[in-house]
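S.K.: Below are the structure tokens for one structure; questions will follow.
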Amino acid sequence: MTYQALKGQKAIVTGASSGIGAGVALALAAAGADVAVNYASSLSGAQRVVDEIKAMGRQAIAVKADVAQEDDVQALFDATLTAFGGLDILVNNAGLQQDAAFAEMTLAQWNKVMGTNLTGMFLCSRLAVKEFLRCGLKPGGSRASGKIICMSSVHEVIPWAGHVNYAASKGGVKLFMQSLAQELAPKKIRVNSIGPGAIQTPINKAAWDTQQALDALLKLIPYGRIGVPEDIGKAAVWLASDDSDYVNGQTIFVDGGMTLYPEFADGG
Ligand code: NAI
Ligand code: BGC
């Protein structure tokens with residue numbers, strides 16, 4: 001039997017029916033965790049992830065919930081705690097883009113992005129923290145009483161014209177995560193972010209589905225390849241495990257060097 005860094009732990013991954021969330025849910029399960037696979041609309045996508053996790057011998061449930069809605073989030077946590085009897089890990093992954101030139105951006109586009117990317121993190125994290133505080137440290141369990149991982153982006157530090165709502169939401173995630181980490185570290189709750197670069201998923205299909213678009217994208221990635229959800233899954237397992245027990249309030253950029261300002265390599 002190989003070492004499983006998350007053996008017996010219970011996790012919720014939001015927005016896990018596709019892309020990075022699906023990759024993270026599968027990686028946590030492969031590391032030994034039972035996983036609640038939250039989805040917004042694609043039951044079939046969530047069910048595929050659940051089936052794969054069960055095939056690994058772990059428990060999994062698919063739970064429909066809009067992370068921006070307080071009642072839905074309560075129902076997500078109720079279903080998870082009923083099914084698994086506890087919670088060790090929350091991955092705040094659900095997110096979306098509603099792109100527009102700033103002068104044309106509607107209030108609905110602004111609110112939709114903030115609601116999912118930022119308010120969703122607040123609502124999910126609050127219930128996770130209540131559960132972590134209620135249970136405290138578990139004998140024989142993780143060194144932390146709970147771990148929260150926020151899916152941020154390179155755009156928590158890289159400004160992004162035409163995506164002001166999205167970049168503002170991810171900039172917000174940065175100080176949300178750090179402030180939460182500061183408040184909860186004394187309670188043995190660890191809070192960190194992953195800042196993915198360009199990962200090949202439905203959210204950025206236009207950036208990779210033609211050779212021309214992919215060539216333009218690769219100019220922004222010194223390492224010379226687009227990322228895949230498995231790249232993020234591996235980072236999530238590490239951040240959720242005791243292997244990162246002394247890591248708190250950090251954003252781990254997993255971006256092939258996108259945050260290294262590659263356009264300065266031959267200029268400036
Ligand atoms: P995706 O579109 O495949 O996944 C986003 C998931 O969130 C979808 O399954 C969607 O149904 C779900 N979702 C959206 N609104 C929701 C809501 N209100 N409640 C519950 N679920 C909701 O795209 P991807 O790339 O997997 O995105 C996952 C996260 O990674 C997002 O937070 C995104 O901002 C972030 N990210 C993605 C990058 C990329 O290059 N793909 C880079 C940096 C960050
Ligand atoms: C965005 C993607 C984009 C990537 C790199 C992510 O936060 O959601 O659309 O490809 O950042 O710019």
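Residue names in the structure tokens use chain letters A, B, ... in the order shown, residue numbers from 1 in each chain, and ligand numbers from 1 in the order shown.
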Using only C-alpha atoms and all ligand atoms, determine which residues fall within 6 Å of ligand 2, then list them as a list in words.

M.R.: Ser153, Val154, His155, Gly197, Ala198, Ile203 and Asn204 of chain A

S.K.: Please extract the residues at most 8 Å from ligand 1, counting only C-alpha atoms and all ligand atoms, and provide them as a PyMOL selection string, using the chain letters and residue numbers of this document.

M.R.: chain A and resi 14-22+38-42+64-69+92-97+115-117+120+151-155+166+170+195-204+227+229

S.K.: Could you pull out the residues in region 89-254 of chain A that DSSP calls strand (DSSP E or B) from the backbone, as a list in words?

M.R.: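 In region 89-254 of chain A, DSSP puts these residues in strand (DSSP E or B): Ile89, Leu90, Val91, Asn92, Gly146, Lys147, Ile148, Ile149, Cys150, Met151, Ile189, Arg190, Val191, Asn192, Ser193, Ile194, Gly195, Pro196, Ile199, Gly227, Thr251, Ile252, Phe253 and Val254 of chain A.
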
S.K.: Taking the chain letters and numbering used in this document, name the residues of region 34-267 of chain A that DSSP puts in helix (DSSP H, G or I), as number ranges by chain.

M.R.: A: 43-55, 70-84, 102-104, 107-135, 154-156, 164-187, 202-207, 211-218, 229-240, 242-244, 258-260, 262-264

S.K.: So which one's closest to Gln182 (chain A), A:Ala103, A:Gln250, A:Ala236, A:Ala75? Using only C-alpha atoms, please.

M.R.: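 Ranked by minimum distance to Gln182 (chain A), first place goes to A:Gln250.
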
S.K.: Can you work out which one of A:Ala11, A:Ile252, A:Ala31, A:Ile149 has the shortest atom-to-atom distance to Phe84 (chain A), counting only C-alpha atoms?

M.R.: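 Nearest candidate to Phe84 (chain A) out of A:Ala11, A:Ile252, A:Ala31, A:Ile149: A:Ala11.
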
S.K.: Which residue out of A:Ala128, A:Ile226, A:Ala235, A:Ile61 has the minimum interatomic distance to Gly256 (chain A) when only C-alpha atoms are used?

M.R.: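 Going through A:Ala128, A:Ile226, A:Ala235, A:Ile61 one by one, the smallest distance to Gly256 (chain A) is for A:Ile226.
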
S.K.: Asn165 (chain A): which residues within 12 Å, counting only C-alpha atoms, same-chain residues fewer than 3 positions away excluded, as a PDB file with C-alpha atoms, in the first residue's frame?

M.R.:
ATOM      1  CA  GLY A  95     -15.293  30.440 -10.109  1.00  0.00           C
ATOM      2  CA  LEU A  96     -16.218  32.039 -13.387  1.00  0.00           C
ATOM      3  CA  GLN A  97     -15.462  34.850 -15.799  1.00  0.00           C
ATOM      4  CA  GLN A  98     -17.934  37.362 -17.288  1.00  0.00           C
ATOM      5  CA  ASP A  99     -15.626  39.369 -19.516  1.00  0.00           C
ATOM      6  CA  ALA A 100     -16.359  42.824 -20.930  1.00  0.00           C
ATOM      7  CA  ALA A 101     -14.623  46.068 -21.810  1.00  0.00           C
ATOM      8  CA  PHE A 102     -14.934  48.136 -18.654  1.00  0.00           C
ATOM      9  CA  ALA A 103     -17.232  50.833 -20.085  1.00  0.00           C
ATOM     10  CA  GLU A 104     -19.603  48.121 -21.297  1.00  0.00           C
ATOM     11  CA  MET A 105     -19.518  45.954 -18.158  1.00  0.00           C
ATOM     12  CA  THR A 106     -22.973  45.514 -16.663  1.00  0.00           C
ATOM     13  CA  LEU A 107     -23.720  45.470 -12.957  1.00  0.00           C
ATOM     14  CA  ALA A 108     -25.035  41.927 -13.471  1.00  0.00           C
ATOM     15  CA  GLN A 109     -21.628  40.844 -14.848  1.00  0.00           C
ATOM     16  CA  TRP A 110     -19.843  42.506 -11.924  1.00  0.00           C
ATOM     17  CA  ASN A 111     -22.168  40.981  -9.325  1.00  0.00           C
ATOM     18  CA  LYS A 112     -22.131  37.507 -10.869  1.00  0.00           C
ATOM     19  CA  VAL A 113     -18.332  37.320 -10.701  1.00  0.00           C
ATOM     20  CA  MET A 114     -18.102  38.759  -7.187  1.00  0.00           C
ATOM     21  CA  GLY A 115     -20.958  36.519  -5.993  1.00  0.00           C
ATOM     22  CA  THR A 116     -19.300  33.291  -7.103  1.00  0.00           C
ATOM     23  CA  ASN A 117     -15.590  34.082  -6.807  1.00  0.00           C
ATOM     24  CA  LEU A 118     -15.628  36.022  -3.528  1.00  0.00           C
ATOM     25  CA  HIS A 155      -4.615  37.507 -11.636  1.00  0.00           C
ATOM     26  CA  GLU A 156      -4.463  38.172  -7.909  1.00  0.00           C
ATOM     27  CA  PRO A 159      -3.738  43.134 -13.746  1.00  0.00           C
ATOM     28  CA  TRP A 160      -6.049  41.991 -16.570  1.00  0.00           C
ATOM     29  CA  ALA A 161      -7.603  44.495 -18.967  1.00  0.00           C
ATOM     30  CA  GLY A 162     -11.040  43.451 -20.174  1.00  0.00           C
ATOM     31  CA  ALA A 168     -10.783  42.414  -8.676  1.00  0.00           C
ATOM     32  CA  SER A 169     -12.368  39.227  -7.339  1.00  0.00           C
ATOM     33  CA  LYS A 170      -9.032  37.377  -7.300  1.00  0.00           C
ATOM     34  CA  GLY A 171      -7.258  40.368  -5.739  1.00  0.00           C
ATOM     35  CA  GLY A 172      -9.986  40.176  -3.098  1.00  0.00           C
TER      36      GLY A 172
END

S.K.: Write out as an NGL selection string which residues come within 7 Å of Asp34 (chain A) when counting only C-alpha atoms, dropping same-chain ones fewer than 4 positions away.

M.R.: :A and (9-11 or 29 or 58-60)

S.K.: So how many Å separate CA of Gly249 (chain A) and CA of Val191 (chain A), to one decimal?

M.R.: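 CA of Val191 (chain A) lies at a distance of 5.6 Å from CA of Gly249 (chain A).
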
S.K.: What's the 7 Å shell around Ser241 (chain A), counting only C-alpha atoms, without same-chain residues fewer than 4 positions away, as a ChimeraX atom specification?

M.R.: /A:5-6,237
